[in-house]
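Text of final34.cif, listed as mmCIF, C-alpha atoms; chains and numbers go by the auth columns:
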```cif
data_data
#
loop_
_atom_site.group_PDB
_atom_site.id
_atom_site.type_symbol
_atom_site.label_atom_id
_atom_site.label_comp_id
_atom_site.label_asym_id
_atom_site.label_seq_id
_atom_site.Cartn_x
_atom_site.Cartn_y
_atom_site.Cartn_z
_atom_site.B_iso_or_equiv
_atom_site.auth_seq_id
_atom_site.auth_asym_id
ATOM 1 C CA MET A 1 -0.803 -3.495 -36.650 0.00 107 A
ATOM 2 C CA ASP A 2 -2.383 -0.947 -38.980 0.00 108 A
ATOM 3 C CA GLU A 3 -4.036 -1.760 -42.316 0.00 109 A
ATOM 4 C CA ASN A 4 -0.807 -1.006 -44.146 0.00 110 A
ATOM 5 C CA GLY A 5 1.130 -3.569 -42.124 0.00 111 A
ATOM 6 C CA GLY A 6 2.806 -0.697 -40.318 0.00 112 A
ATOM 7 C CA SER A 7 4.292 -0.565 -36.916 0.00 113 A
ATOM 8 C CA PHE A 8 4.455 -1.740 -33.371 0.00 114 A
ATOM 9 C CA VAL A 9 2.455 1.167 -31.945 0.00 115 A
ATOM 10 C CA GLU A 10 0.164 3.677 -33.566 0.00 116 A
ATOM 11 C CA VAL A 11 -0.943 6.941 -31.959 0.00 117 A
ATOM 12 C CA ARG A 12 -3.274 9.766 -32.842 0.00 118 A
ATOM 13 C CA ARG A 13 -2.530 13.424 -32.187 0.00 119 A
ATOM 14 C CA ILE A 14 -5.258 15.353 -30.406 0.00 120 A
ATOM 15 C CA SER A 15 -4.689 18.857 -31.603 0.00 121 A
ATOM 16 C CA GLN A 16 -6.512 22.083 -32.363 0.00 122 A
ATOM 17 C CA GLY A 17 -4.290 22.772 -35.342 0.00 123 A
ATOM 18 C CA PRO A 18 -4.642 21.941 -39.038 0.00 124 A
ATOM 19 C CA ASP A 19 -3.092 18.507 -38.564 0.00 125 A
ATOM 20 C CA ARG A 20 -5.836 17.358 -36.220 0.00 126 A
ATOM 21 C CA GLY A 21 -6.306 13.631 -36.443 0.00 127 A
ATOM 22 C CA SER A 22 -2.922 12.900 -38.005 0.00 128 A
ATOM 23 C CA VAL A 23 -1.715 9.400 -37.385 0.00 129 A
ATOM 24 C CA TYR A 24 1.904 8.853 -36.350 0.00 130 A
ATOM 25 C CA HIS A 25 3.507 5.466 -36.449 0.00 131 A
ATOM 26 C CA SER A 26 6.951 4.024 -36.168 0.00 132 A
ATOM 27 C CA THR A 27 8.846 1.900 -38.631 0.00 133 A
ATOM 28 C CA PRO A 28 9.248 -1.793 -37.828 0.00 134 A
ATOM 29 C CA GLY A 29 11.694 -2.223 -35.002 0.00 135 A
ATOM 30 C CA SER A 30 11.451 1.428 -33.931 0.00 136 A
ATOM 31 C CA THR A 31 9.999 2.707 -30.686 0.00 137 A
ATOM 32 C CA ALA A 32 9.575 6.374 -31.685 0.00 138 A
ATOM 33 C CA TRP A 33 5.900 6.779 -31.006 0.00 139 A
ATOM 34 C CA ILE A 34 4.518 9.352 -28.638 0.00 140 A
ATOM 35 C CA GLY A 35 4.630 12.987 -27.598 0.00 141 A
ATOM 36 C CA LYS A 36 2.824 15.471 -25.390 0.00 142 A
ATOM 37 C CA GLY A 37 -0.873 15.541 -26.198 0.00 143 A
ATOM 38 C CA PHE A 38 -0.903 12.110 -27.835 0.00 144 A
ATOM 39 C CA SER A 39 -3.051 9.166 -26.863 0.00 145 A
ATOM 40 C CA CYS A 40 -3.090 5.555 -27.931 0.00 146 A
ATOM 41 C CA VAL A 41 -5.461 4.770 -30.804 0.00 147 A
ATOM 42 C CA CYS A 42 -6.255 1.503 -29.035 0.00 148 A
ATOM 43 C CA ALA A 43 -7.425 3.523 -26.020 0.00 149 A
ATOM 44 C CA GLN A 44 -9.910 5.837 -27.735 0.00 150 A
ATOM 45 C CA GLY A 45 -13.199 6.100 -25.828 0.00 151 A
ATOM 46 C CA ARG A 46 -16.387 4.654 -27.218 0.00 152 A
ATOM 47 C CA GLU A 47 -18.951 7.017 -28.721 0.00 153 A
ATOM 48 C CA SER A 48 -21.573 5.925 -26.196 0.00 154 A
ATOM 49 C CA ASP A 49 -19.344 7.001 -23.303 0.00 155 A
ATOM 50 C CA ALA A 50 -20.232 10.665 -23.862 0.00 156 A
ATOM 51 C CA ARG A 51 -24.005 10.091 -23.610 0.00 157 A
ATOM 52 C CA VAL A 52 -24.235 9.463 -19.874 0.00 158 A
ATOM 53 C CA SER A 53 -22.743 10.882 -16.703 0.00 159 A
ATOM 54 C CA PHE A 54 -22.639 9.787 -13.091 0.00 160 A
ATOM 55 C CA ASP A 55 -22.872 11.919 -9.984 0.00 161 A
ATOM 56 C CA LEU A 56 -20.056 11.634 -7.469 0.00 162 A
ATOM 57 C CA THR A 57 -20.028 11.575 -3.718 0.00 163 A
ATOM 58 C CA PRO A 58 -17.849 14.275 -2.121 0.00 164 A
ATOM 59 C CA SER A 59 -15.266 11.608 -1.299 0.00 165 A
ATOM 60 C CA GLN A 60 -15.175 10.307 -4.879 0.00 166 A
ATOM 61 C CA GLU A 61 -14.939 13.827 -6.239 0.00 167 A
ATOM 62 C CA GLU A 62 -11.975 14.561 -3.978 0.00 168 A
ATOM 63 C CA CYS A 63 -10.238 11.345 -5.059 0.00 169 A
ATOM 64 C CA LEU A 64 -10.802 12.161 -8.712 0.00 170 A
ATOM 65 C CA HIS A 65 -9.379 15.664 -8.285 0.00 171 A
ATOM 66 C CA ARG A 66 -6.254 14.304 -6.606 0.00 172 A
ATOM 67 C CA LEU A 67 -5.716 11.849 -9.435 0.00 173 A
ATOM 68 C CA GLN A 68 -6.369 14.512 -12.067 0.00 174 A
ATOM 69 C CA TYR A 69 -3.765 16.703 -10.391 0.00 175 A
ATOM 70 C CA ARG A 70 -1.252 13.899 -10.898 0.00 176 A
ATOM 71 C CA LEU A 71 -2.272 13.609 -14.538 0.00 177 A
ATOM 72 C CA ASP A 72 -1.525 17.293 -15.076 0.00 178 A
ATOM 73 C CA VAL A 73 2.089 17.093 -13.841 0.00 179 A
ATOM 74 C CA SER A 74 4.557 17.059 -16.721 0.00 180 A
ATOM 75 C CA TYR A 75 7.931 15.410 -16.380 0.00 181 A
ATOM 76 C CA ASP A 76 10.502 18.136 -15.698 0.00 182 A
ATOM 77 C CA SER A 77 14.130 17.047 -15.925 0.00 183 A
ATOM 78 C CA SER A 78 15.193 20.168 -13.987 0.00 184 A
ATOM 79 C CA LYS A 79 13.277 19.126 -10.854 0.00 185 A
ATOM 80 C CA LYS A 80 15.263 17.162 -8.287 0.00 186 A
ATOM 81 C CA GLU A 81 12.193 15.142 -7.312 0.00 187 A
ATOM 82 C CA HIS A 82 11.764 13.984 -10.902 0.00 188 A
ATOM 83 C CA GLN A 83 15.452 13.221 -11.290 0.00 189 A
ATOM 84 C CA GLU A 84 15.414 11.128 -8.128 0.00 190 A
ATOM 85 C CA ALA A 85 12.320 9.245 -9.273 0.00 191 A
ATOM 86 C CA LEU A 86 14.066 8.396 -12.535 0.00 192 A
ATOM 87 C CA ARG A 87 17.167 7.208 -10.700 0.00 193 A
ATOM 88 C CA GLY A 88 14.912 5.237 -8.380 0.00 194 A
ATOM 89 C CA LEU A 89 13.383 3.461 -11.363 0.00 195 A
ATOM 90 C CA TRP A 90 16.817 2.461 -12.650 0.00 196 A
ATOM 91 C CA TYR A 91 17.990 1.012 -9.349 0.00 197 A
ATOM 92 C CA ALA A 92 14.671 -0.754 -8.776 0.00 198 A
ATOM 93 C CA ALA A 93 14.998 -2.332 -12.222 0.00 199 A
ATOM 94 C CA TYR A 94 18.741 -3.060 -12.098 0.00 200 A
ATOM 95 C CA PRO A 95 19.872 -3.270 -8.467 0.00 201 A
ATOM 96 C CA GLY A 96 23.630 -3.337 -8.155 0.00 202 A
ATOM 97 C CA ILE A 97 24.257 -1.873 -11.624 0.00 203 A
ATOM 98 C CA GLU A 98 25.512 1.715 -11.504 0.00 204 A
ATOM 99 C CA LEU A 99 23.673 4.262 -13.627 0.00 205 A
ATOM 100 C CA ARG A 100 26.242 6.411 -15.381 0.00 206 A
ATOM 101 C CA ASP A 101 23.931 9.327 -16.087 0.00 207 A
ATOM 102 C CA LEU A 102 20.283 10.278 -16.454 0.00 208 A
ATOM 103 C CA ILE A 103 21.059 10.500 -20.161 0.00 209 A
ATOM 104 C CA SER A 104 22.785 7.259 -21.073 0.00 210 A
ATOM 105 C CA GLU A 105 22.717 4.466 -23.615 0.00 211 A
ATOM 106 C CA GLN A 106 21.962 2.209 -20.646 0.00 212 A
ATOM 107 C CA TRP A 107 18.308 3.276 -20.702 0.00 213 A
ATOM 108 C CA LYS A 108 17.739 1.506 -24.017 0.00 214 A
ATOM 109 C CA GLU A 109 18.075 -1.787 -22.152 0.00 215 A
ATOM 110 C CA MET A 110 14.836 -0.949 -20.337 0.00 216 A
ATOM 111 C CA GLY A 111 13.032 -0.321 -23.597 0.00 217 A
ATOM 112 C CA TRP A 112 13.157 3.460 -24.003 0.00 218 A
ATOM 113 C CA GLN A 113 13.355 4.822 -27.510 0.00 219 A
ATOM 114 C CA GLY A 114 16.632 6.616 -26.881 0.00 220 A
ATOM 115 C CA LYS A 115 19.245 7.381 -24.299 0.00 221 A
ATOM 116 C CA ASP A 116 17.125 10.084 -22.632 0.00 222 A
ATOM 117 C CA PRO A 117 13.941 8.591 -21.131 0.00 223 A
ATOM 118 C CA SER A 118 12.728 12.073 -20.174 0.00 224 A
ATOM 119 C CA THR A 119 11.670 12.550 -23.805 0.00 225 A
ATOM 120 C CA ASP A 120 9.216 9.691 -23.360 0.00 226 A
ATOM 121 C CA PHE A 121 7.989 10.904 -19.979 0.00 227 A
ATOM 122 C CA ARG A 122 7.237 14.282 -21.532 0.00 228 A
ATOM 123 C CA GLY A 123 4.717 12.365 -23.619 0.00 229 A
ATOM 124 C CA GLY A 124 3.254 10.363 -20.767 0.00 230 A
ATOM 125 C CA GLY A 125 3.663 12.876 -17.980 0.00 231 A
ATOM 126 C CA PHE A 126 5.207 12.306 -14.578 0.00 232 A
ATOM 127 C CA ILE A 127 2.478 9.819 -13.688 0.00 233 A
ATOM 128 C CA SER A 128 3.824 7.357 -16.266 0.00 234 A
ATOM 129 C CA LEU A 129 7.123 7.363 -14.355 0.00 235 A
ATOM 130 C CA GLU A 130 5.272 7.078 -11.039 0.00 236 A
ATOM 131 C CA ASN A 131 3.360 4.071 -12.373 0.00 237 A
ATOM 132 C CA LEU A 132 6.529 2.229 -13.377 0.00 238 A
ATOM 133 C CA LEU A 133 8.228 3.065 -10.095 0.00 239 A
ATOM 134 C CA PHE A 134 5.212 1.922 -8.076 0.00 240 A
ATOM 135 C CA PHE A 135 5.190 -1.355 -10.016 0.00 241 A
ATOM 136 C CA ALA A 136 8.913 -1.928 -9.472 0.00 242 A
ATOM 137 C CA ARG A 137 8.750 -1.249 -5.731 0.00 243 A
ATOM 138 C CA ASN A 138 5.469 -2.932 -4.824 0.00 244 A
ATOM 139 C CA TYR A 139 5.438 -5.971 -7.098 0.00 245 A
ATOM 140 C CA PRO A 140 9.138 -6.527 -7.836 0.00 246 A
ATOM 141 C CA LYS A 141 8.768 -10.172 -8.889 0.00 247 A
ATOM 142 C CA SER A 142 6.166 -9.370 -11.538 0.00 248 A
ATOM 143 C CA PHE A 143 8.071 -6.250 -12.610 0.00 249 A
ATOM 144 C CA GLN A 144 11.296 -8.185 -13.118 0.00 250 A
ATOM 145 C CA ASP A 145 9.532 -10.993 -14.951 0.00 251 A
ATOM 146 C CA LEU A 146 8.120 -8.511 -17.453 0.00 252 A
ATOM 147 C CA LEU A 147 11.283 -6.440 -17.732 0.00 253 A
ATOM 148 C CA ARG A 148 13.404 -9.491 -18.466 0.00 254 A
ATOM 149 C CA LYS A 149 10.694 -11.337 -20.446 0.00 255 A
ATOM 150 C CA GLN A 150 11.081 -14.402 -18.258 0.00 256 A
ATOM 151 C CA ASP A 151 7.663 -15.983 -18.733 0.00 257 A
ATOM 152 C CA GLY A 152 6.488 -18.054 -21.673 0.00 258 A
ATOM 153 C CA ASP A 153 7.684 -18.530 -25.228 0.00 259 A
ATOM 154 C CA ARG A 154 8.563 -15.048 -26.438 0.00 260 A
ATOM 155 C CA ALA A 155 8.362 -13.639 -29.962 0.00 261 A
ATOM 156 C CA LEU A 156 11.485 -12.680 -31.873 0.00 262 A
ATOM 157 C CA TRP A 157 10.226 -9.067 -31.991 0.00 263 A
ATOM 158 C CA GLU A 158 9.144 -8.242 -28.446 0.00 264 A
ATOM 159 C CA TYR A 159 7.427 -5.104 -27.169 0.00 265 A
ATOM 160 C CA PRO A 160 9.858 -2.642 -25.542 0.00 266 A
ATOM 161 C CA PHE A 161 9.083 -2.788 -21.832 0.00 267 A
ATOM 162 C CA ALA A 162 9.241 0.913 -20.950 0.00 268 A
ATOM 163 C CA VAL A 163 7.413 2.104 -24.070 0.00 269 A
ATOM 164 C CA ALA A 164 4.654 -0.410 -23.378 0.00 270 A
ATOM 165 C CA GLY A 165 4.421 0.961 -19.851 0.00 271 A
ATOM 166 C CA VAL A 166 3.709 4.500 -21.036 0.00 272 A
ATOM 167 C CA ASN A 167 1.124 3.136 -23.484 0.00 273 A
ATOM 168 C CA ILE A 168 -0.624 1.386 -20.606 0.00 274 A
ATOM 169 C CA THR A 169 -0.825 4.617 -18.608 0.00 275 A
ATOM 170 C CA PHE A 170 -2.443 6.335 -21.600 0.00 276 A
ATOM 171 C CA MET A 171 -4.851 3.478 -22.214 0.00 277 A
ATOM 172 C CA LEU A 172 -6.082 3.506 -18.615 0.00 278 A
ATOM 173 C CA ILE A 173 -6.575 7.278 -18.612 0.00 279 A
ATOM 174 C CA GLN A 174 -8.718 6.962 -21.729 0.00 280 A
ATOM 175 C CA MET A 175 -10.581 3.827 -20.643 0.00 281 A
ATOM 176 C CA LEU A 176 -11.518 5.356 -17.282 0.00 282 A
ATOM 177 C CA ASP A 177 -12.224 8.793 -18.811 0.00 283 A
ATOM 178 C CA LEU A 178 -10.168 10.383 -16.050 0.00 284 A
ATOM 179 C CA GLN A 179 -9.867 13.813 -17.622 0.00 285 A
ATOM 180 C CA ALA A 180 -13.636 14.391 -17.535 0.00 286 A
ATOM 181 C CA ALA A 181 -15.258 16.349 -14.707 0.00 287 A
ATOM 182 C CA LYS A 182 -17.205 13.223 -13.774 0.00 288 A
ATOM 183 C CA PRO A 183 -17.523 9.718 -15.226 0.00 289 A
ATOM 184 C CA ARG A 184 -19.349 9.251 -18.503 0.00 290 A
ATOM 185 C CA SER A 185 -19.270 5.456 -18.479 0.00 291 A
ATOM 186 C CA ILE A 186 -20.142 2.734 -16.005 0.00 292 A
ATOM 187 C CA ILE A 187 -16.491 1.644 -16.074 0.00 293 A
ATOM 188 C CA GLY A 188 -15.348 5.102 -14.963 0.00 294 A
ATOM 189 C CA ALA A 189 -17.987 5.245 -12.233 0.00 295 A
ATOM 190 C CA ILE A 190 -17.025 1.826 -10.885 0.00 296 A
ATOM 191 C CA PHE A 191 -13.362 2.750 -10.847 0.00 297 A
ATOM 192 C CA LEU A 192 -14.017 5.889 -8.794 0.00 298 A
ATOM 193 C CA LYS A 193 -15.718 3.727 -6.165 0.00 299 A
ATOM 194 C CA LEU A 194 -12.566 1.586 -6.050 0.00 300 A
ATOM 195 C CA LEU A 195 -10.417 4.717 -5.885 0.00 301 A
ATOM 196 C CA SER A 196 -12.373 6.020 -2.893 0.00 302 A
ATOM 197 C CA GLU A 197 -11.523 2.739 -1.110 0.00 303 A
ATOM 198 C CA ASN A 198 -7.823 2.881 -2.060 0.00 304 A
ATOM 199 C CA ASP A 199 -6.176 6.104 -3.210 0.00 305 A
ATOM 200 C CA ARG A 200 -3.500 4.065 -5.033 0.00 306 A
ATOM 201 C CA ALA A 201 -6.085 2.110 -7.011 0.00 307 A
ATOM 202 C CA PHE A 202 -4.900 3.634 -10.293 0.00 308 A
ATOM 203 C CA ASP A 203 -1.320 2.528 -9.653 0.00 309 A
ATOM 204 C CA VAL A 204 -2.429 -0.971 -8.656 0.00 310 A
ATOM 205 C CA LEU A 205 -4.668 -1.192 -11.725 0.00 311 A
ATOM 206 C CA TYR A 206 -1.665 -0.176 -13.819 0.00 312 A
ATOM 207 C CA CYS A 207 0.316 -3.128 -12.444 0.00 313 A
ATOM 208 C CA ILE A 208 -2.590 -5.490 -13.058 0.00 314 A
ATOM 209 C CA THR A 209 -2.957 -4.189 -16.606 0.00 315 A
ATOM 210 C CA PHE A 210 0.731 -4.591 -17.422 0.00 316 A
ATOM 211 C CA LYS A 211 0.720 -8.189 -16.211 0.00 317 A
ATOM 212 C CA LEU A 212 -2.575 -8.923 -17.966 0.00 318 A
ATOM 213 C CA MET A 213 -1.282 -7.375 -21.187 0.00 319 A
ATOM 214 C CA ASP A 214 1.758 -9.641 -21.109 0.00 320 A
ATOM 215 C CA GLN A 215 -0.460 -12.667 -20.465 0.00 321 A
ATOM 216 C CA GLN A 216 -2.581 -11.718 -23.486 0.00 322 A
ATOM 217 C CA TRP A 217 0.589 -11.178 -25.501 0.00 323 A
ATOM 218 C CA LEU A 218 1.762 -14.698 -24.781 0.00 324 A
ATOM 219 C CA ALA A 219 -1.663 -16.262 -25.325 0.00 325 A
ATOM 220 C CA MET A 220 -1.945 -14.572 -28.740 0.00 326 A
ATOM 221 C CA ARG A 221 1.656 -15.449 -29.623 0.00 327 A
ATOM 222 C CA ALA A 222 1.994 -11.801 -30.561 0.00 328 A
ATOM 223 C CA SER A 223 4.887 -9.859 -32.049 0.00 329 A
ATOM 224 C CA TYR A 224 5.452 -6.096 -32.079 0.00 330 A
ATOM 225 C CA MET A 225 3.031 -5.421 -34.953 0.00 331 A
ATOM 226 C CA ASP A 226 0.208 -6.985 -32.914 0.00 332 A
ATOM 227 C CA PHE A 227 0.605 -4.583 -29.989 0.00 333 A
ATOM 228 C CA ASN A 228 -2.571 -2.582 -30.583 0.00 334 A
ATOM 229 C CA THR A 229 -4.601 -5.769 -30.938 0.00 335 A
ATOM 230 C CA VAL A 230 -3.193 -7.022 -27.639 0.00 336 A
ATOM 231 C CA MET A 231 -4.010 -3.710 -25.946 0.00 337 A
ATOM 232 C CA LYS A 232 -7.600 -3.825 -27.194 0.00 338 A
ATOM 233 C CA SER A 233 -7.960 -7.348 -25.859 0.00 339 A
ATOM 234 C CA THR A 234 -6.464 -6.271 -22.537 0.00 340 A
ATOM 235 C CA ARG A 235 -8.858 -3.365 -22.253 0.00 341 A
ATOM 236 C CA HIS A 236 -11.815 -5.635 -22.992 0.00 342 A
ATOM 237 C CA GLN A 237 -10.734 -8.063 -20.271 0.00 343 A
ATOM 238 C CA LEU A 238 -10.352 -5.244 -17.737 0.00 344 A
ATOM 239 C CA GLU A 239 -13.793 -3.877 -18.538 0.00 345 A
ATOM 240 C CA GLN A 240 -15.326 -7.320 -18.042 0.00 346 A
ATOM 241 C CA GLU A 241 -13.636 -7.705 -14.666 0.00 347 A
ATOM 242 C CA LEU A 242 -14.560 -4.232 -13.423 0.00 348 A
ATOM 243 C CA VAL A 243 -18.304 -4.866 -13.864 0.00 349 A
ATOM 244 C CA LEU A 244 -18.292 -8.124 -11.886 0.00 350 A
ATOM 245 C CA GLU A 245 -20.734 -7.935 -8.990 0.00 351 A
ATOM 246 C CA ASP A 246 -18.286 -9.079 -6.329 0.00 352 A
ATOM 247 C CA VAL A 247 -15.649 -6.435 -7.110 0.00 353 A
ATOM 248 C CA SER A 248 -15.698 -3.834 -4.353 0.00 354 A
ATOM 249 C CA ARG A 249 -11.923 -3.320 -4.021 0.00 355 A
ATOM 250 C CA ILE A 250 -9.180 -3.152 -6.621 0.00 356 A
ATOM 251 C CA GLU A 251 -7.767 -6.336 -5.099 0.00 357 A
ATOM 252 C CA ASP A 252 -11.019 -8.162 -5.952 0.00 358 A
ATOM 253 C CA LEU A 253 -10.286 -8.072 -9.677 0.00 359 A
ATOM 254 C CA PRO A 254 -9.547 -11.635 -10.825 0.00 360 A
ATOM 255 C CA SER A 255 -6.374 -10.509 -12.626 0.00 361 A
ATOM 256 C CA TYR A 256 -4.963 -9.106 -9.379 0.00 362 A
ATOM 257 C CA SER A 257 -3.920 -12.685 -8.658 0.00 363 A
ATOM 258 C CA LEU A 258 -1.373 -12.412 -11.496 0.00 364 A
ATOM 259 C CA LEU A 259 0.758 -10.028 -9.438 0.00 365 A
ATOM 260 C CA ARG A 260 3.689 -11.330 -7.418 0.00 366 A
ATOM 261 C CA ARG A 261 5.736 -9.483 -4.839 0.00 367 A
#
```

Show me, as C-alpha cells, the structure contained in the file I just sent.
Amino acid sequence: MDENGGSFVEVRRISQGPDRGSVYHSTPGSTAWIGKGFSCVCAQGRESDARVSFDLTPSQEECLHRLQYRLDVSYDSSKKEHQEALRGLWYAAYPGIELRDLISEQWKEMGWQGKDPSTDFRGGGFISLENLLFFARNYPKSFQDLLRKQDGDRALWEYPFAVAGVNITFMLIQMLDLQAAKPRSIIGAIFLKLLSENDRAFDVLYCITFKLMDQQWLAMRASYMDFNTVMKSTRHQLEQELVLEDVSRIEDLPSYSLLRR
C-alpha cells in the first residue's frame, strides 16, 4: 500500500523520456498495473548492488546468456508458439473446461486485468507466461491451491492470481539482477551457481517464490493493499535462504518443501 492508501500494486516506469520515474497505480479493486518497460517498486535493487561485480565461469556465463535471451522475448499474439502456450496455460489451470477464445471474459477468472491476457504478457514478456505454464505443469497441486485460494483463511480482497504471477517474474529479475552483464550482488552470484546446476532454476525459483508469497500473505493476514509489503517480505526471505551455506542446488532452499506435485 502506498502512503496515500492507494492500490493493490504500484509500479515505476523506467523511461528515458520526460516522465521518468512516474508512479502508476491502480484504484482499489483494479488490476490495471503494468506495461512494457515497467518493474515492480517492491523489486527495485539496492544501491549497494551496483558497487560490486562477480566474475563468471564460462558455464555460468553461458547459462546467464540463455536466460537473458528468454527475458528479451516479448509476447507476440501472432506467433503460433505463443498462442499454444497461452492455450496450454488455460487447460493446465482448468482441465475439462473449454476455452472459447484467446480473447475471452473467461480469462478474468484466472486473475487477468481484462479479457485479453496478452496485454499483460506484453508487460511481463513471454517468460512470465512460461513461468506460469511451468508452475502449472510441474507442480499442479501447488498451482491449483494458489489459483483457487484453497489454503488458509483468505482476505475479502484477494490478490489476482495471474497479475501476482507477472509481478513475481519482475521481482525475481530485479532481485537477481539478471539484465546485468554479470552479477553485482552476492545473491545474483549465488543464483548463477544454482542455474549452472539446473538450467530451469529460474522457473523452479519462480514456483517457490509464488508459494512462499502466498504463505507470507496468509501469515500477515494481508489484503490487496498490502501486496507490496508482502512482496518485500517474500524477497527478504528468499535472500536469507539463498545465502545459507548448505544450499548448492535450487532444491536445497528450505521453501522448496512448500511445493507439491

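With distances taken over all atoms listed in the file, A:Pro266 is the one residue among A:Pro289, A:Gly231, A:Pro164, A:Pro266 lying closest to Tyr330 of chain A.
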
message = Assuming the chain letters and numbering stay as they are in my file, what does the PyMOL selection byres ((chain A and resi 292) around 10) actually select? List them as a ChimeraX atom specification.
response = /A:155,158-160,282,289-291,293-298,345,348-349

Store the residues picked out above in a file with C-alpha atoms, as a PDB file, in the coordinates of the input.
```
ATOM      1  CA  ASP A 155     -19.344   7.001 -23.303  1.00  0.00           C
ATOM      2  CA  VAL A 158     -24.235   9.463 -19.874  1.00  0.00           C
ATOM      3  CA  SER A 159     -22.743  10.882 -16.703  1.00  0.00           C
ATOM      4  CA  PHE A 160     -22.639   9.787 -13.091  1.00  0.00           C
ATOM      5  CA  LEU A 282     -11.518   5.356 -17.282  1.00  0.00           C
ATOM      6  CA  PRO A 289     -17.523   9.718 -15.226  1.00  0.00           C
ATOM      7  CA  ARG A 290     -19.349   9.251 -18.503  1.00  0.00           C
ATOM      8  CA  SER A 291     -19.270   5.456 -18.479  1.00  0.00           C
ATOM      9  CA  ILE A 293     -16.491   1.644 -16.074  1.00  0.00           C
ATOM     10  CA  GLY A 294     -15.348   5.102 -14.963  1.00  0.00           C
ATOM     11  CA  ALA A 295     -17.987   5.245 -12.233  1.00  0.00           C
ATOM     12  CA  ILE A 296     -17.025   1.826 -10.885  1.00  0.00           C
ATOM     13  CA  PHE A 297     -13.362   2.750 -10.847  1.00  0.00           C
ATOM     14  CA  LEU A 298     -14.017   5.889  -8.794  1.00  0.00           C
ATOM     15  CA  GLU A 345     -13.793  -3.877 -18.538  1.00  0.00           C
ATOM     16  CA  LEU A 348     -14.560  -4.232 -13.423  1.00  0.00           C
ATOM     17  CA  VAL A 349     -18.304  -4.866 -13.864  1.00  0.00           C
TER      18      VAL A 349
END
```

request  = Can you give me, as an MDAnalysis selection string, the residues this file yields under the PyMOL selection byres ((chain A and resi 242-259) around 8)?
outcome  = chainID A and resid 195 198:199 216 238:241 260:261 267 313 317 320 324 365:367

May I have the selected residues written with C-alpha atoms, as a compact mmCIF listing (two decimals), in the coordinates of the input?
```txt
# COMPACT_ATOMS: atom_id res chain seq x y z
CA LEU A 195 13.38 3.46 -11.36
CA ALA A 198 14.67 -0.75 -8.78
CA ALA A 199 15.00 -2.33 -12.22
CA MET A 216 14.84 -0.95 -20.34
CA LEU A 238 6.53 2.23 -13.38
CA LEU A 239 8.23 3.06 -10.10
CA PHE A 240 5.21 1.92 -8.08
CA PHE A 241 5.19 -1.36 -10.02
CA ARG A 260 8.56 -15.05 -26.44
CA ALA A 261 8.36 -13.64 -29.96
CA PHE A 267 9.08 -2.79 -21.83
CA CYS A 313 0.32 -3.13 -12.44
CA LYS A 317 0.72 -8.19 -16.21
CA ASP A 320 1.76 -9.64 -21.11
CA LEU A 324 1.76 -14.70 -24.78
CA LEU A 365 0.76 -10.03 -9.44
CA ARG A 366 3.69 -11.33 -7.42
CA ARG A 367 5.74 -9.48 -4.84
```

Of the listed residues A:Asp207, A:Asp283, A:Asp161, A:Glu303, that which approaches Val353 of chain A most closely, counting all atoms listed in the file = A:Glu303

request  = Could you tell me which residues the PyMOL selection byres ((chain A and resi 193) around 12) returns for this structure, as a PyMOL selection string?
outcome  = chain A and resi 183+186-192+194-201+203-210+213+223-224+235-236+239

ask   = If we count only C-alpha atoms, what is near Pro360 of chain A at a cut-off of 12 Å, once residues fewer than 6 positions away on the same chain are taken out, given as a PyMOL selection string?
value = chain A and resi 311+314-315+318+343-354

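Residue nearest Ile279 of chain A within the list A:Ser234, A:Trp323, A:Leu359, A:Asp226: A:Ser234 [criterion: smallest interatomic distance, all atoms listed in the file].
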
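If you look at atom CA of Ala328 of chain A and atom CA of Phe316 of chain A, they are 15.0 Å away from each other.
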